[in-house]
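**Q** Below is a structure I'd like to ask you about.
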Amino acid sequence: MTENYKTKRVLLTLVVFFTSVSFLIYEVTWDRILGLYLGTTVHASTIVISAFMAGLGTGSYFLGKKADKTKYPVGFLGRLLITIGIVNLIVYLLLQLIPKIYKYNAVNDLLGDKVEIVVYIYALSIVFASAFFIGGIMPIVTRIYLFMGNNISNSIGNTFAADTFGSSLGGLLAGFVLLRYPGMKGTVFIVSSMNLILAWITGIMINHKISQSLIPEEKLKIVKPVELKTQGREHPKFSMLVAFISGLTGLIAQIIWLRIFKIYLTNTSYTFALIVSVIIFGYFLGSLLFKKITSDESDILKNLLLGLFATGTIIAVGVLVFVNAPRWIIIPLHEVLTSPVSRILLPPVILSILTVLPQAVLAGFVFTSAVRLYSDKSQMVSLSFSRVYFINTIGGFIGPFIAAFLLIPYAGVVRSLLIIALINIAVSIYLIYRNKPSIRGYIFVFQIVILIIVTGAVFITRIKVMPPSFSMSEREILFYEEAVEATLVVGKDKTSGVNYTYFNNNSVIGSSYDAIKAVKLLGHIPFLTGHDPKKVLIVGFGIGVTTSTVLSHPEVESVLCVELAEELKNAAKFYKELNHNVVEDRRLKIIGNDGRHYLQSSTEKFDLISSDPTHPVLGSGSLYSQEYFQLCYDHLSDNGMVTQYLPMHKLLTKDYIGILKTFNSVFPNTTLWLGHTHTLLVGTKKPMKIDFADFKVKASKINDIYLYSEPYSLASFLIYDSNSIAELDKNSVICHDDNSYLDFFEMDSFLPMNWVYNAEYILKNIKSTDVFFNVDNVDLLEKFKLSTLIVLEGLIQSMSGNPKGYVEKLYQAQRINPENQEIPFLIKLESMKK
């Protein structure tokens, strides 16, 4: 019988493991979906984490009660797995209704501004339902382990270990594999099917062999209580308090880590999957630590309180590591790592192991210790587990909201981490003083010293977390702000004097010529091409150059700018010579929101929608999908236009072509414009035909010292029309929200030669266009077009490591087209680099 139970325990552990794999896959998938529908924001992640924690805790409590009353826990487990599979399929379908709720409200104005509250409650409720039945797994499995002959400590430890290890693997699979290839819909279907298969395995393979009738009834009801080695009589209360504090501070830390790690890992889904998986894996290691050092004779209370103190200390040390990461880890690794995979993933993985993992290990140890401290009667182990878990998840439910709506906005990410470190340390010292467990005096003195140090760090110092890219060269900090969604930094390069602005680790824009030229064109093209937009929407403020360019045209009546981190407008003052202090323009309104989310929740029509987001593989992939472009199309007036920044670097050629095809699939009247080292997409509802005579008049009115406005030169930047784009690679893939190859990019996207490959592809496939008509000097326009392409050939030489070849091409272009006044400037600019 003992050998038989040993086999059954192994089988049960495998079932629990694969069941747990599915749990975090669901959580990461819901985060991805809500990121698309509510915005890729801290608040969206807060909903997923809080609702999931609330569901787990509530399900654990109520289903744990049922688990302790059933004589057939294995059958109960099988039915629970079936319910989980079916419910989560329904949850996926219900989450798809969120855009429809927004659209219905926008059309009928049923809820007005309250729609956000309603949708948030709706999303919370649905994700809660997803997690509720999942919460019943751990109590019932703990009870089954107990019936198989485990003691209480091993039952708790085995359950927690199998659950957390499986969950951590599931999170990584979801974020790095499943959401990219089968996609959201396919992932949910696969995982729900796995739940049903595991239910079948549980019912047939385990239940058949573990008939509960074989277990004596007295074993179900009577197990000798174990006397805990504690010196206080209030240990159940203390275990509940510690469980609450651990859940509260642990989930606050999780939200803050998610926010702060965006500095090192740019993709939101990758960030969520990595951090959540590392935390869950830490819980797994914590449960192993609990099993290793805890027995029925251990001083559980002492271990619990020391674990809580160590958690606070480790968080404070983690802050120190994170702040110095660029100097200690990132820059040294950057010098020795060569492959994109290692450069992108290794630094955040190392950082998470050094900062997040130790805290999670201790949190796992503290939780299992709290459960063991509370569970002094083994026949009530499921109920004891569920009660402690419920209290722990109440803290876990509240924590993310405190982090997102209170701590991060008012204290910043670093100080917030130090505050929760201080809470852990202070509570542990108070409970040690109250209960006086067998802790040596010098340890208590050490704890007081740490308390004083962390308190000083919270109230005295202001620690800055700088983006690694910012720290790789000597730069003077001009501006630093920790917004809810990003760390914003403006710095001046001490060598070149150029200002750089960073949104997390992404350079928003520099003041280099190629960057300014691209955004200036983005702002001027709509007006040059015969459109006179009066009502404008700009997605992404940056430093305000595109916005100021649009507003330089007097016919514009209003500009609404949607910026994820509204605080970027505070950095615009460092670029007044470029943006002309645009934040003071009365026609401009800047709101903090996700641009896509704004369009989903509005029916407002615009004459011009200009999107200038960060690079698609650096967190803005959802602003380059067919679904996003369709949102833009639906919000255009009849004569409206959309302009979209399209980079040539950090994109594989197949992905670059894919974006062109995706845009053109929504806007059949598409043109592609060259902005030096960048490209710009322009789409209209009506066919675009540009009267060159009118184009010349409008170009002559542009008074912009940062853009050569010679009309023939500007016209030469139009390189593709819809017919040209249609002839490109027929096998290119349309980018959808599901299976997004931009959000879940290939690591080779970061190869430096990708710009060269894309530029060569553009040159190879250029054909004549018929967009312009009424051209007075066709030969001159052809000369400008030829010189523009020769300059592009020169840029290919430069990007390939041959600056001399670039200069030669510039002189060649000048000989062919001496009328082009930009070329002498480019020659002079290149000579200044020597």
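By convention here, the chains of the structure tokens are called A, B, ... in the order presented, each chain's residues are numbered starting at 1, and ligands are numbered starting at 1 in the order presented.
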Please run DSSP on the backbone and report, as a ChimeraX atom specification, all residues within stretch 634-801 of chain A that come out as alpha helix (DSSP H).

**A** /A:634,653-666,692-700,711-715,722-726,754-764,778-799

**Q** Do you know which residues are at most 12 Å from A:Arg343 counting only C-alpha atoms, after dropping those on the same chain fewer than 2 positions away, and could you put them as a list in words?

**A**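 Counting only the stated atoms, we get Tyr264, Leu265, Ile329, Ile330, Ile331, Pro332, Leu333, His334, Glu335, Val336, Leu337, Thr338, Ser339, Pro340, Val341, Leu345, Leu346, Pro347, Pro348, Val349, Ile350, Pro468, Met747, Asp748, Phe750 and Leu751 of chain A.
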
**Q** Please identify all polymer residues within 12 Å of stretch 575-577 of chain A, counting only C-alpha atoms, omitting same-chain residues fewer than 5 positions from it, and present them as a list in words.

**A**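 Selected residues are Leu478, Phe479, Val490, Gly491, Lys492, Val498, Asn499, Tyr500, Thr501, Ile509, Gly510, Ser511, Ile516, Gly542, Ile543, Gly544, Val545, Ser548, Leu568, Lys569, Asn570, Val582, Val583, Glu584, Asp704, Ile705 and Tyr706 of chain A.
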
**Q** Go ahead and write the selection's residues with C-alpha atoms as a JSON list (two decimals), in the first residue's frame.

**A**
```
[["chain", "number", "residue", "atom", "x", "y", "z"],
["A", 478, "LEU", "CA", 18.82, 67.93, -17.65],
["A", 479, "PHE", "CA", 15.50, 66.40, -16.63],
["A", 490, "VAL", "CA", 16.59, 64.28, -20.88],
["A", 491, "GLY", "CA", 20.36, 64.38, -21.15],
["A", 492, "LYS", "CA", 22.93, 66.39, -23.06],
["A", 498, "VAL", "CA", 23.09, 66.98, -28.62],
["A", 499, "ASN", "CA", 20.09, 66.50, -26.33],
["A", 500, "TYR", "CA", 18.53, 63.05, -26.01],
["A", 501, "THR", "CA", 15.17, 62.17, -24.45],
["A", 509, "ILE", "CA", 13.95, 61.58, -30.38],
["A", 510, "GLY", "CA", 17.33, 63.19, -30.63],
["A", 511, "SER", "CA", 18.11, 66.55, -32.10],
["A", 516, "ILE", "CA", 14.26, 66.08, -37.04],
["A", 542, "GLY", "CA", 7.55, 62.95, -27.86],
["A", 543, "ILE", "CA", 9.29, 66.31, -27.53],
["A", 544, "GLY", "CA", 6.62, 68.11, -29.51],
["A", 545, "VAL", "CA", 8.32, 68.54, -32.90],
["A", 548, "SER", "CA", 4.59, 72.09, -33.39],
["A", 568, "LEU", "CA", 6.75, 64.23, -21.41],
["A", 569, "LYS", "CA", 5.38, 67.72, -22.01],
["A", 570, "ASN", "CA", 7.49, 68.83, -19.03],
["A", 582, "VAL", "CA", 4.32, 74.35, -28.47],
["A", 583, "VAL", "CA", 2.89, 73.41, -25.05],
["A", 584, "GLU", "CA", 1.78, 77.04, -24.70],
["A", 704, "ASP", "CA", 11.20, 76.09, -41.26],
["A", 705, "ILE", "CA", 14.96, 76.39, -40.73],
["A", 706, "TYR", "CA", 15.19, 72.65, -39.99]]
```

**Q** Can you pull out the residues contacting A:Pro326? Cut-off 9 Å, using only C-alpha atoms, and skip same-chain residues under 6 positions away; I want them as a PyMOL selection string.

**A** chain A and resi 332+466-469+471-472

**Q** Let's have the selection written as a PDB file, in the first residue's frame, with N, CA and C atoms.

**A**
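Generated output (part.pdb):
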```pdb
ATOM      1  N   PRO A 332      29.184  46.469 -18.803  1.00  0.00           N
ATOM      2  CA  PRO A 332      30.182  45.401 -18.978  1.00  0.00           C
ATOM      3  C   PRO A 332      29.688  44.268 -19.877  1.00  0.00           C
ATOM      4  N   MET A 466      18.603  55.167 -13.962  1.00  0.00           N
ATOM      5  CA  MET A 466      18.868  55.694 -15.304  1.00  0.00           C
ATOM      6  C   MET A 466      18.794  54.583 -16.351  1.00  0.00           C
ATOM      7  N   PRO A 467      18.213  54.866 -17.521  1.00  0.00           N
ATOM      8  CA  PRO A 467      18.194  53.884 -18.615  1.00  0.00           C
ATOM      9  C   PRO A 467      19.615  53.493 -19.017  1.00  0.00           C
ATOM     10  N   PRO A 468      19.841  52.231 -19.311  1.00  0.00           N
ATOM     11  CA  PRO A 468      21.192  51.796 -19.708  1.00  0.00           C
ATOM     12  C   PRO A 468      21.743  52.558 -20.904  1.00  0.00           C
ATOM     13  N   SER A 469      20.890  52.821 -21.913  1.00  0.00           N
ATOM     14  CA  SER A 469      21.363  53.544 -23.096  1.00  0.00           C
ATOM     15  C   SER A 469      21.863  54.933 -22.735  1.00  0.00           C
ATOM     16  N   SER A 471      23.236  55.722 -19.929  1.00  0.00           N
ATOM     17  CA  SER A 471      24.458  55.609 -19.135  1.00  0.00           C
ATOM     18  C   SER A 471      25.663  55.156 -19.938  1.00  0.00           C
ATOM     19  N   MET A 472      25.474  54.818 -21.203  1.00  0.00           N
ATOM     20  CA  MET A 472      26.581  54.281 -21.993  1.00  0.00           C
ATOM     21  C   MET A 472      27.493  55.358 -22.555  1.00  0.00           C
TER      22      MET A 472
END
```

**Q** With only C-alpha atoms as the basis for distance, which of A:Asp31, A:Glu822, A:Ser602, A:Lys767 is at the shortest distance from A:Lys100?

**A**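 Nearest to A:Lys100: A:Ser602.
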